[in-house]
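Structure file target_8.cif; described as mmCIF, C-alpha atoms and all ligand atoms.
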```cif
data_entry
#
loop_
_atom_site.group_PDB
_atom_site.id
_atom_site.type_symbol
_atom_site.label_atom_id
_atom_site.label_comp_id
_atom_site.auth_asym_id
_atom_site.auth_seq_id
_atom_site.Cartn_x
_atom_site.Cartn_y
_atom_site.Cartn_z
ATOM 1 C CA MET A 1317 50.173 97.378 -27.325
ATOM 2 C CA PRO A 1318 49.849 99.622 -24.257
ATOM 3 C CA GLN A 1319 52.670 102.077 -23.595
ATOM 4 C CA THR A 1320 53.951 100.398 -20.402
ATOM 5 C CA GLU A 1321 54.111 97.022 -22.146
ATOM 6 C CA ALA A 1322 56.000 98.462 -25.130
ATOM 7 C CA LEU A 1323 58.474 100.243 -22.857
ATOM 8 C CA ALA A 1324 58.918 97.119 -20.721
ATOM 9 C CA ALA A 1325 59.745 95.083 -23.841
ATOM 10 C CA ARG A 1326 62.325 97.666 -24.904
ATOM 11 C CA TYR A 1327 63.954 98.294 -21.515
ATOM 12 C CA GLY A 1328 62.806 95.600 -19.107
ATOM 13 C CA ALA A 1329 60.300 96.301 -16.352
ATOM 14 C CA ARG A 1330 63.027 97.543 -13.992
ATOM 15 C CA ASP A 1331 64.049 100.437 -16.227
ATOM 16 C CA LEU A 1332 60.709 101.685 -17.409
ATOM 17 C CA ALA A 1333 61.010 105.200 -18.747
ATOM 18 C CA PRO A 1334 58.319 107.449 -17.270
ATOM 19 C CA ASN A 1335 55.201 107.557 -19.370
ATOM 20 C CA GLY A 1336 55.462 110.425 -21.829
ATOM 21 C CA PRO A 1337 53.398 111.316 -24.897
ATOM 22 C CA TRP A 1338 52.343 108.306 -26.948
ATOM 23 C CA ASN A 1339 50.707 107.490 -30.260
ATOM 24 C CA ALA A 1340 50.479 104.753 -32.874
ATOM 25 C CA VAL A 1341 53.640 105.864 -34.724
ATOM 26 C CA ILE A 1342 55.721 105.705 -31.546
ATOM 27 C CA GLU A 1343 54.178 102.356 -30.678
ATOM 28 C CA GLN A 1344 55.261 101.005 -34.063
ATOM 29 C CA LEU A 1345 58.797 102.403 -33.646
ATOM 30 C CA LEU A 1346 59.167 100.744 -30.259
ATOM 31 C CA SER A 1347 58.023 97.398 -31.632
ATOM 32 C CA HIS A 1348 60.920 97.228 -34.148
ATOM 33 C CA ARG A 1349 62.836 93.997 -34.351
ATOM 34 C CA SER A 1350 65.194 92.790 -37.097
ATOM 35 C CA VAL A 1351 63.513 90.058 -39.126
ATOM 36 C CA ARG A 1352 65.709 87.365 -40.681
ATOM 37 C CA ALA A 1353 63.051 84.718 -41.476
ATOM 38 C CA TYR A 1354 60.671 85.375 -44.370
ATOM 39 C CA LEU A 1355 57.831 83.708 -46.209
ATOM 40 C CA PRO A 1356 58.711 83.065 -49.863
ATOM 41 C CA ASP A 1357 55.762 85.269 -50.981
ATOM 42 C CA ALA A 1358 56.481 88.016 -53.499
ATOM 43 C CA LEU A 1359 55.811 91.529 -52.227
ATOM 44 C CA PRO A 1360 52.850 93.501 -53.581
ATOM 45 C CA GLU A 1361 53.692 95.333 -56.789
ATOM 46 C CA GLY A 1362 55.156 98.771 -56.175
ATOM 47 C CA THR A 1363 56.482 97.930 -52.700
ATOM 48 C CA ALA A 1364 60.071 98.920 -53.524
ATOM 49 C CA GLU A 1365 58.859 102.200 -55.027
ATOM 50 C CA THR A 1366 56.763 103.008 -51.946
ATOM 51 C CA LEU A 1367 59.695 102.254 -49.628
ATOM 52 C CA VAL A 1368 61.995 104.457 -51.711
ATOM 53 C CA ALA A 1369 59.454 107.311 -51.690
ATOM 54 C CA ALA A 1370 59.501 107.066 -47.880
ATOM 55 C CA ALA A 1371 63.315 106.975 -47.975
ATOM 56 C CA GLN A 1372 63.554 110.030 -50.230
ATOM 57 C CA SER A 1373 61.264 111.902 -47.852
ATOM 58 C CA ALA A 1374 63.969 111.847 -45.156
ATOM 59 C CA ALA A 1375 65.957 115.004 -44.527
ATOM 60 C CA SER A 1376 69.132 115.366 -46.583
ATOM 61 C CA SER A 1377 72.101 117.551 -45.678
ATOM 62 C CA SER A 1378 71.900 120.607 -48.009
ATOM 63 C CA ASN A 1379 69.551 118.389 -50.049
ATOM 64 C CA LEU A 1380 72.698 116.906 -51.662
ATOM 65 C CA GLN A 1381 71.088 113.435 -51.820
ATOM 66 C CA LEU A 1382 74.416 111.627 -52.048
ATOM 67 C CA TRP A 1383 72.829 108.167 -51.995
ATOM 68 C CA ASP A 1384 71.051 105.676 -54.257
ATOM 69 C CA VAL A 1385 69.508 102.293 -53.689
ATOM 70 C CA ILE A 1386 69.508 99.184 -55.887
ATOM 71 C CA ALA A 1387 66.499 96.855 -55.609
ATOM 72 C CA VAL A 1388 67.699 93.293 -56.149
ATOM 73 C CA GLN A 1389 65.039 90.639 -56.769
ATOM 74 C CA ASP A 1390 66.820 88.287 -59.171
ATOM 75 C CA PRO A 1391 67.316 85.005 -57.225
ATOM 76 C CA ALA A 1392 70.717 84.316 -58.829
ATOM 77 C CA ARG A 1393 72.024 87.775 -57.910
ATOM 78 C CA LYS A 1394 70.664 87.497 -54.342
ATOM 79 C CA GLU A 1395 72.377 84.105 -54.089
ATOM 80 C CA ARG A 1396 75.735 85.576 -55.178
ATOM 81 C CA LEU A 1397 75.325 88.534 -52.831
ATOM 82 C CA SER A 1398 74.442 86.227 -49.934
ATOM 83 C CA HIS A 1399 77.842 84.550 -50.344
ATOM 84 C CA LEU A 1400 79.609 87.925 -50.379
ATOM 85 C CA VAL A 1401 78.023 88.805 -47.013
ATOM 86 C CA GLY A 1402 79.232 85.756 -45.106
ATOM 87 C CA ASP A 1403 76.581 83.319 -46.357
ATOM 88 C CA GLN A 1404 73.644 85.032 -44.690
ATOM 89 C CA ALA A 1405 70.702 82.903 -45.856
ATOM 90 C CA HIS A 1406 68.149 85.699 -45.300
ATOM 91 C CA VAL A 1407 69.728 87.669 -48.178
ATOM 92 C CA ARG A 1408 68.708 84.991 -50.682
ATOM 93 C CA GLU A 1409 65.429 84.158 -48.906
ATOM 94 C CA ALA A 1410 64.078 87.715 -48.733
ATOM 95 C CA PRO A 1411 62.018 88.540 -51.837
ATOM 96 C CA LEU A 1412 63.572 92.015 -51.931
ATOM 97 C CA PHE A 1413 67.163 92.948 -51.137
ATOM 98 C CA LEU A 1414 67.873 96.672 -51.131
ATOM 99 C CA VAL A 1415 71.477 97.820 -51.457
ATOM 100 C CA TRP A 1416 72.023 101.349 -50.216
ATOM 101 C CA LEU A 1417 74.832 103.206 -51.960
ATOM 102 C CA ILE A 1418 76.965 106.242 -51.246
ATOM 103 C CA ASP A 1419 77.064 107.917 -54.646
ATOM 104 C CA PHE A 1420 79.567 110.677 -55.401
ATOM 105 C CA ASN A 1421 79.438 109.771 -59.099
ATOM 106 C CA ARG A 1422 76.278 111.822 -59.727
ATOM 107 C CA ALA A 1423 77.734 115.018 -58.203
ATOM 108 C CA GLU A 1424 80.892 114.420 -60.234
ATOM 109 C CA ALA A 1425 78.788 114.101 -63.432
ATOM 110 C CA VAL A 1426 76.978 117.356 -62.626
ATOM 111 C CA ALA A 1427 80.339 119.076 -62.106
ATOM 112 C CA GLN A 1428 81.809 117.675 -65.322
ATOM 113 C CA ALA A 1429 78.792 118.817 -67.339
ATOM 114 C CA ALA A 1430 79.201 122.305 -65.862
ATOM 115 C CA GLY A 1431 82.964 122.304 -66.513
ATOM 116 C CA ARG A 1432 83.574 122.673 -62.774
ATOM 117 C CA THR A 1433 85.340 120.687 -60.059
ATOM 118 C CA VAL A 1434 83.822 119.446 -56.790
ATOM 119 C CA GLU A 1435 86.822 119.078 -54.498
ATOM 120 C CA GLY A 1436 84.476 118.916 -51.529
ATOM 121 C CA LEU A 1437 83.950 115.246 -52.412
ATOM 122 C CA GLU A 1438 87.518 114.561 -51.299
ATOM 123 C CA TYR A 1439 86.859 115.284 -47.635
ATOM 124 C CA LEU A 1440 85.874 112.890 -44.861
ATOM 125 C CA GLU A 1441 83.188 115.435 -43.939
ATOM 126 C CA THR A 1442 81.391 114.765 -47.239
ATOM 127 C CA MET A 1443 81.563 111.022 -46.628
ATOM 128 C CA ILE A 1444 79.951 111.620 -43.216
ATOM 129 C CA VAL A 1445 77.236 113.662 -44.936
ATOM 130 C CA GLY A 1446 76.585 110.863 -47.441
ATOM 131 C CA ILE A 1447 76.495 108.076 -44.843
ATOM 132 C CA ALA A 1448 74.252 110.082 -42.507
ATOM 133 C CA ASP A 1449 71.817 110.806 -45.364
ATOM 134 C CA ALA A 1450 71.799 107.173 -46.526
ATOM 135 C CA ALA A 1451 71.136 105.957 -42.974
ATOM 136 C CA LEU A 1452 68.250 108.382 -42.473
ATOM 137 C CA ALA A 1453 66.751 107.356 -45.810
ATOM 138 C CA ALA A 1454 67.142 103.629 -45.151
ATOM 139 C CA GLN A 1455 65.593 103.926 -41.715
ATOM 140 C CA ASN A 1456 62.580 105.700 -43.229
ATOM 141 C CA ALA A 1457 62.251 102.728 -45.590
ATOM 142 C CA THR A 1458 62.494 100.329 -42.655
ATOM 143 C CA VAL A 1459 59.778 102.136 -40.740
ATOM 144 C CA ALA A 1460 57.602 102.238 -43.868
ATOM 145 C CA ALA A 1461 58.121 98.486 -44.417
ATOM 146 C CA GLU A 1462 57.234 97.718 -40.812
ATOM 147 C CA SER A 1463 54.100 99.863 -41.068
ATOM 148 C CA LEU A 1464 53.026 97.607 -43.968
ATOM 149 C CA GLY A 1465 53.469 94.507 -41.811
ATOM 150 C CA LEU A 1466 56.762 93.616 -43.510
ATOM 151 C CA GLY A 1467 60.020 92.772 -41.769
ATOM 152 C CA ALA A 1468 63.519 94.021 -42.535
ATOM 153 C CA VAL A 1469 67.113 93.614 -41.450
ATOM 154 C CA TYR A 1470 70.129 95.718 -42.327
ATOM 155 C CA ILE A 1471 73.151 93.945 -43.796
ATOM 156 C CA GLY A 1472 76.368 95.737 -42.840
ATOM 157 C CA ALA A 1473 78.262 92.702 -44.112
ATOM 158 C CA ILE A 1474 77.732 94.109 -47.609
ATOM 159 C CA ARG A 1475 80.998 95.949 -46.817
ATOM 160 C CA ASN A 1476 82.910 92.676 -46.263
ATOM 161 C CA HIS A 1477 83.855 92.711 -49.963
ATOM 162 C CA ILE A 1478 82.909 96.156 -51.266
ATOM 163 C CA ASP A 1479 84.939 95.704 -54.463
ATOM 164 C CA GLN A 1480 83.210 92.438 -55.432
ATOM 165 C CA VAL A 1481 79.794 93.852 -54.516
ATOM 166 C CA ALA A 1482 80.568 96.885 -56.701
ATOM 167 C CA ALA A 1483 81.374 94.560 -59.626
ATOM 168 C CA GLU A 1484 78.184 92.526 -59.062
ATOM 169 C CA LEU A 1485 76.065 95.681 -59.120
ATOM 170 C CA ALA A 1486 78.000 97.394 -61.953
ATOM 171 C CA LEU A 1487 78.766 100.396 -59.754
ATOM 172 C CA PRO A 1488 80.737 103.257 -61.298
ATOM 173 C CA PRO A 1489 83.797 104.739 -59.553
ATOM 174 C CA LYS A 1490 82.982 106.916 -56.517
ATOM 175 C CA CYS A 1491 80.020 104.744 -55.600
ATOM 176 C CA PHE A 1492 79.927 101.995 -52.949
ATOM 177 C CA ALA A 1493 77.431 99.840 -51.059
ATOM 178 C CA VAL A 1494 77.223 101.117 -47.497
ATOM 179 C CA PHE A 1495 74.623 98.624 -46.226
ATOM 180 C CA GLY A 1496 72.097 96.165 -47.537
ATOM 181 C CA MET A 1497 68.549 95.540 -46.342
ATOM 182 C CA CYS A 1498 66.450 92.391 -46.615
ATOM 183 C CA VAL A 1499 62.704 93.010 -46.861
ATOM 184 C CA GLY A 1500 59.946 90.405 -46.792
ATOM 185 C CA LYS A 1501 56.877 89.081 -45.047
ATOM 186 C CA PRO A 1502 57.934 87.771 -41.626
ATOM 187 C CA ASP A 1503 57.533 84.011 -41.252
ATOM 188 C CA PRO A 1504 55.111 83.617 -38.316
ATOM 189 C CA ALA A 1505 56.615 80.181 -37.600
ATOM 190 C CA ARG A 1506 59.988 81.790 -36.828
ATOM 191 C CA PRO A 1507 59.113 84.951 -34.872
ATOM 192 C CA THR A 1508 61.592 87.434 -33.366
ATOM 193 C CA GLU A 1509 61.085 89.372 -30.168
ATOM 194 C CA VAL A 1510 61.904 92.990 -29.380
ATOM 195 C CA LYS A 1511 65.573 93.156 -28.339
ATOM 196 C CA PRO A 1512 66.138 95.110 -25.105
ATOM 197 C CA ARG A 1513 68.266 98.239 -25.267
ATOM 198 C CA LEU A 1514 70.573 99.941 -22.771
ATOM 199 C CA PRO A 1515 68.683 101.746 -20.020
ATOM 200 C CA GLN A 1516 67.919 105.334 -20.927
ATOM 201 C CA SER A 1517 70.052 106.483 -17.976
ATOM 202 C CA GLN A 1518 73.075 105.326 -20.043
ATOM 203 C CA VAL A 1519 72.032 107.020 -23.260
ATOM 204 C CA LEU A 1520 70.004 110.133 -22.481
ATOM 205 C CA HIS A 1521 72.139 112.825 -20.836
ATOM 206 C CA HIS A 1522 70.724 116.044 -19.501
ATOM 207 C CA GLU A 1523 72.691 119.211 -20.201
ATOM 208 C CA GLN A 1524 76.117 117.528 -20.045
ATOM 209 C CA TYR A 1525 77.677 114.139 -20.634
ATOM 210 C CA GLN A 1526 77.663 111.693 -17.726
ATOM 211 C CA PRO A 1527 80.179 108.828 -17.581
ATOM 212 C CA PRO A 1528 78.883 105.261 -18.097
ATOM 213 C CA SER A 1529 77.706 103.282 -15.047
ATOM 214 C CA LEU A 1530 79.233 99.812 -15.024
ATOM 215 C CA ASP A 1531 76.495 98.664 -12.598
ATOM 216 C CA GLU A 1532 73.783 99.679 -15.057
ATOM 217 C CA ILE A 1533 75.690 97.966 -17.859
ATOM 218 C CA ALA A 1534 75.986 94.774 -15.770
ATOM 219 C CA ALA A 1535 72.204 94.870 -15.203
ATOM 220 C CA TYR A 1536 71.703 95.250 -18.964
ATOM 221 C CA ASP A 1537 74.051 92.324 -19.603
ATOM 222 C CA ALA A 1538 71.809 90.204 -17.356
ATOM 223 C CA ARG A 1539 68.708 91.340 -19.254
ATOM 224 C CA MET A 1540 70.353 90.508 -22.586
ATOM 225 C CA VAL A 1541 71.293 87.037 -21.312
ATOM 226 C CA GLU A 1542 67.621 86.500 -20.428
ATOM 227 C CA PHE A 1543 66.578 87.669 -23.910
ATOM 228 C CA GLN A 1544 69.183 85.464 -25.598
ATOM 229 C CA HIS A 1545 68.043 82.485 -23.521
ATOM 230 C CA GLY A 1546 64.425 83.057 -24.607
ATOM 231 C CA GLN A 1547 65.479 83.296 -28.269
ATOM 232 C CA GLY A 1548 67.701 80.209 -28.133
ATOM 233 C CA MET A 1549 70.731 82.402 -28.855
ATOM 234 C CA LYS A 1550 74.233 82.148 -27.380
ATOM 235 C CA GLU A 1551 73.956 83.690 -23.900
ATOM 236 C CA ILE A 1552 76.744 86.258 -23.971
ATOM 237 C CA GLY A 1553 75.013 89.432 -22.768
ATOM 238 C CA TRP A 1554 75.985 92.749 -24.330
ATOM 239 C CA SER A 1555 79.455 93.705 -23.027
ATOM 240 C CA ARG A 1556 80.993 90.549 -24.462
ATOM 241 C CA THR A 1557 79.587 91.462 -27.884
ATOM 242 C CA VAL A 1558 81.262 94.867 -27.634
ATOM 243 C CA LEU A 1559 84.545 93.254 -26.587
ATOM 244 C CA SER A 1560 84.533 90.635 -29.320
ATOM 245 C CA ARG A 1561 83.197 92.749 -32.213
ATOM 246 C CA LEU A 1562 85.587 95.612 -31.492
ATOM 247 C CA ARG A 1563 88.547 93.520 -30.318
ATOM 248 C CA ASP A 1564 90.886 94.432 -33.159
ATOM 249 C CA GLY A 1565 90.971 95.025 -36.904
ATOM 250 C CA ALA A 1566 90.759 91.308 -37.629
ATOM 251 C CA ALA A 1567 87.362 91.228 -35.885
ATOM 252 C CA LEU A 1568 85.935 93.613 -38.508
ATOM 253 C CA SER A 1569 85.155 90.752 -40.939
ATOM 254 C CA GLY A 1570 87.479 91.951 -43.688
ATOM 255 C CA ARG A 1571 86.404 95.579 -43.372
ATOM 256 C CA ASP A 1572 89.644 96.656 -41.703
ATOM 257 C CA ASN A 1573 91.058 97.570 -45.112
ATOM 258 C CA ILE A 1574 87.994 99.478 -46.293
ATOM 259 C CA ASN A 1575 89.903 102.733 -46.505
ATOM 260 C CA ASP A 1576 92.329 101.254 -49.061
ATOM 261 C CA LEU A 1577 89.469 99.710 -51.068
ATOM 262 C CA LEU A 1578 87.527 102.979 -51.093
ATOM 263 C CA HIS A 1579 90.634 104.809 -52.309
ATOM 264 C CA ALA A 1580 90.934 102.279 -55.141
ATOM 265 C CA MET A 1581 87.264 102.942 -55.967
ATOM 266 C CA GLY A 1582 87.959 106.655 -56.396
ATOM 267 C CA PHE A 1583 87.185 107.999 -52.927
ATOM 268 C CA GLN A 1584 89.575 110.223 -51.055
ATOM 269 C CA MET A 1585 89.004 111.292 -47.486
ATOM 270 C CA ARG A 1586 91.182 114.050 -46.150
HETATM 271 C C1 LIG B 1601 74.031 99.225 -40.150
HETATM 272 C C2 LIG B 1601 73.592 97.869 -39.623
HETATM 273 C C3 LIG B 1601 74.169 96.729 -40.128
HETATM 274 C C4 LIG B 1601 73.691 95.463 -39.726
HETATM 275 N N1 LIG B 1601 74.220 94.340 -40.310
HETATM 276 C C5 LIG B 1601 73.652 93.133 -40.046
HETATM 277 C C6 LIG B 1601 74.058 91.972 -40.777
HETATM 278 O O1 LIG B 1601 74.952 91.997 -41.623
HETATM 279 N N2 LIG B 1601 73.413 90.804 -40.514
HETATM 280 C C7 LIG B 1601 72.397 90.715 -39.600
HETATM 281 O O2 LIG B 1601 71.834 89.625 -39.430
HETATM 282 N N3 LIG B 1601 72.003 91.788 -38.874
HETATM 283 C C8 LIG B 1601 72.591 92.998 -39.092
HETATM 284 N N4 LIG B 1601 72.154 94.118 -38.425
HETATM 285 C C9 LIG B 1601 71.050 94.006 -37.450
HETATM 286 C C10 LIG B 1601 71.542 94.186 -36.023
HETATM 287 O O3 LIG B 1601 72.209 93.024 -35.609
HETATM 288 C C11 LIG B 1601 70.324 94.487 -35.135
HETATM 289 O O4 LIG B 1601 69.740 95.692 -35.542
HETATM 290 C C12 LIG B 1601 70.726 94.576 -33.665
HETATM 291 O O5 LIG B 1601 71.172 93.335 -33.182
HETATM 292 C C13 LIG B 1601 69.554 95.042 -32.821
HETATM 293 O O6 LIG B 1601 68.467 94.143 -32.983
HETATM 294 P P1 LIG B 1601 67.046 94.640 -33.462
HETATM 295 O O7 LIG B 1601 67.223 95.340 -34.780
HETATM 296 O O8 LIG B 1601 66.210 93.384 -33.603
HETATM 297 O O9 LIG B 1601 66.519 95.556 -32.414
HETATM 298 C C14 LIG B 1601 72.658 95.374 -38.759
HETATM 299 C C15 LIG B 1601 72.105 96.547 -38.231
HETATM 300 C C16 LIG B 1601 72.557 97.782 -38.652
HETATM 301 C C17 LIG B 1601 71.924 99.029 -38.086
#
```
Starting from the file, lay out its structure as structure tokens.
Amino acid sequence: MPQTEALAARYGARDLAPNGPWNAVIEQLLSHRSVRAYLPDALPEGTAETLVAAAQSAASSSNLQLWDVIAVQDPARKERLSHLVGDQAHVREAPLFLVWLIDFNRAEAVAQAAGRTVEGLEYLETMIVGIADAALAAQNATVAAESLGLGAVYIGAIRNHIDQVAAELALPPKCFAVFGMCVGKPDPARPTEVKPRLPQSQVLHHEQYQPPSLDEIAAYDARMVEFQHGQGMKEIGWSRTVLSRLRDGAALSGRDNINDLLHAMGFQMR
């Protein structure tokens, strides 16, 4: 796809970013869309391993590698997990469901074997390190999957019931599922389009932070309504999503008590 077309799909023709350097990798990145409709086909053997090799090639803060991933392919387990994530059908329909974990258990085991303590695990900073590393790794896997012609979608709802998910996956203490990821061959009969993003003027700041422009946001809302119309989705724009998803704790789909649950699972965050 030519550069101008790819940028127009991402931002809308009105907000085209000026043409900068371009190559096939960037073209693939710009064509990302979450895929929630899959063919039932099994993935080629070794797909999970290839995706995880891509994931492990991401940078890792101090190379601590505070994450793991569980590849779930058993239909019965995917079925149970799909119920724990608000009955999202794509979790059971995808041939591969990856569950990305924050894992402090391994560092703890290393410390125990050495007769040492690792109090650094008790700080929010270390949780940030783990989540950042897991996100970078998972995104590498997503990009790798897309380069193979596969589709993927993250499943943040895996945190709706982190304790029950931990039991389902036999997680040890100090280990929790931070997000899931469905992977499969996109069903061509149920295609998804590239979802427009905020104009770059609202995201890319030069030298110092600039306050948001409500006019630019209103224009983006209009573009999102157009996109939602084309996709047969509820036409609510973008701002209304922000307002409803972040309205209050109750809007967090059961994740408002995640701090208490993580404490019960052995995590402390000072
Ligand atoms: C961490 C994370 C969690 C997400 N959780 C879900 C989810 O539980 N279910 C779902 O259908 N999509 C989920 N998504 C997908 C987003 O809705 C999607 O990325 C966003 O609407 C932008 O669309 P696009 O990926 O097609 O560009 C999640 C995305 C991220 C990054």
Starting from the shown file, work through the PyMOL selection byres (((not hetatm)) within 6 of (chain B and resi 1601)) and note down what comes out as a compact mmCIF listing (two decimals) with C-alpha atoms, in the frame of the given file.
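What landed in selection-v2.txt:
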```txt
# COMPACT_ATOMS: atom_id res chain seq x y z
CA ARG A 1349 62.84 94.00 -34.35
CA SER A 1350 65.19 92.79 -37.10
CA VAL A 1469 67.11 93.61 -41.45
CA TYR A 1470 70.13 95.72 -42.33
CA ILE A 1471 73.15 93.94 -43.80
CA GLY A 1472 76.37 95.74 -42.84
CA ALA A 1473 78.26 92.70 -44.11
CA LYS A 1511 65.57 93.16 -28.34
```
Near His1579 (chain A), within 12 Å and counting only C-alpha atoms, which residues show up once chain neighbours fewer than 2 positions away are dropped, as a PyMOL selection string? chain A and resi 1438+1440+1478-1479+1489-1492+1573-1577+1581-1586
Write a file of the just-selected residues containing C-alpha atoms, as a PDB file, in the frame of the given file.
```pdb
ATOM      1  CA  GLU A1438      87.518 114.561 -51.299  1.00  0.00           C
ATOM      2  CA  LEU A1440      85.874 112.890 -44.861  1.00  0.00           C
ATOM      3  CA  ILE A1478      82.909  96.156 -51.266  1.00  0.00           C
ATOM      4  CA  ASP A1479      84.939  95.704 -54.463  1.00  0.00           C
ATOM      5  CA  PRO A1489      83.797 104.739 -59.553  1.00  0.00           C
ATOM      6  CA  LYS A1490      82.982 106.916 -56.517  1.00  0.00           C
ATOM      7  CA  CYS A1491      80.020 104.744 -55.600  1.00  0.00           C
ATOM      8  CA  PHE A1492      79.927 101.995 -52.949  1.00  0.00           C
ATOM      9  CA  ASN A1573      91.058  97.570 -45.112  1.00  0.00           C
ATOM     10  CA  ILE A1574      87.994  99.478 -46.293  1.00  0.00           C
ATOM     11  CA  ASN A1575      89.903 102.733 -46.505  1.00  0.00           C
ATOM     12  CA  ASP A1576      92.329 101.254 -49.061  1.00  0.00           C
ATOM     13  CA  LEU A1577      89.469  99.710 -51.068  1.00  0.00           C
ATOM     14  CA  MET A1581      87.264 102.942 -55.967  1.00  0.00           C
ATOM     15  CA  GLY A1582      87.959 106.655 -56.396  1.00  0.00           C
ATOM     16  CA  PHE A1583      87.185 107.999 -52.927  1.00  0.00           C
ATOM     17  CA  GLN A1584      89.575 110.223 -51.055  1.00  0.00           C
ATOM     18  CA  MET A1585      89.004 111.292 -47.486  1.00  0.00           C
ATOM     19  CA  ARG A1586      91.182 114.050 -46.150  1.00  0.00           C
TER      20      ARG A1586
END
```
Work out where the centre of an axis-aligned box around every listed atom of region 1388-1393 of chain A lies and how long its edges are once 6 Å is added on each side; give both in Å to one decimal as lines of an AutoDock Vina configuration file.
```
center_x = 68.5
center_y = 88.8
center_z = -57.7
size_x = 19.0
size_y = 21.0
size_z = 15.0
```
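In this structure, CA of Pro1512 (chain A) sits 4.6 Å away from CA of Arg1326 (chain A).
Put simply, CA of Leu1345 (chain A) is 27.1 Å away from CA of Val1401 (chain A).
Distances here use all atoms listed in the file; by that measure, the residue among A:Ser1378, A:Ser1373, A:Thr1363, A:Asn1335 closest to Pro1411 (chain A) is A:Thr1363.
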Of A:Thr1320, A:Ser1529, A:Ala1369, A:Tyr1354, the one sitting nearest Trp1338 (chain A) when using all atoms listed in the file is A:Thr1320
Exercise. To verify the selection step, state as number ranges by chain which residues the PyMOL selection byres (((chain A and resi 1365) around 12) and not hetatm) yields on this input.
Key: A: 1359-1364, 1366-1372, 1385-1387, 1412, 1414, 1457, 1460-1461
Exercise. Which residues fall under the PyMOL selection byres (((chain A and resi 1499) around 6) and not hetatm) in this file, as a PyMOL selection string?
Worked result: chain A and resi 1410+1412+1467-1468+1498+1500
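The gap separating CA of Trp1416 (chain A) from CA of Trp1383 (chain A) is 7.1 Å, in Å to one decimal.
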Using all atoms listed in the file, the shortest atom-to-atom distance to Ile1418 (chain A) among A:Ala1535, A:Val1351, A:Ala1566, A:Leu1487 belongs to A:Leu1487
Of A:Gln1516, A:Gln1526, A:Gln1381, A:Ser1376, the one nearest to Arg1422 (chain A) when counting all atoms listed in the file is A:Gln1381
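For the choices A:Asp1537, A:Gly1431, A:Pro1504, A:Phe1495, the atom-to-atom distance to Val1558 (chain A) is smallest for A:Asp1537 when using all atoms listed in the file.
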As a PyMOL selection string, please: the residues near Gln1344 (chain A) (cut-off 10 Å, only C-alpha atoms, same-chain neighbours under 6 positions excluded). chain A and resi 1317+1322+1459+1462-1463
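Every residue within 10 Å of the file position (60.2, 82.5, -48.4), judged by all atoms listed in the file, is given as Ala1353, Tyr1354, Leu1355, Pro1356, Asp1357, Ala1358, His1406, Arg1408, Glu1409, Ala1410, Pro1411, Gly1500, Lys1501, Pro1502 and Asp1503 of chain A.
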Of A:Ser1398, A:Leu1382, A:Ala1567, A:Asn1456, the one sitting nearest Phe1420 (chain A) when using all atoms listed in the file is A:Leu1382
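Residues in contact range of region 1539-1546 of chain A, defined as at most 10 Å between all atoms listed in the file, with sequence neighbours fewer than 6 positions away removed, read Tyr1327, Gly1328, Arg1330, Glu1509, Val1510, Lys1511, Pro1512, Arg1513, Leu1514, Ile1533, Ile1552, Gly1553, Trp1554 and Ser1555 of chain A.
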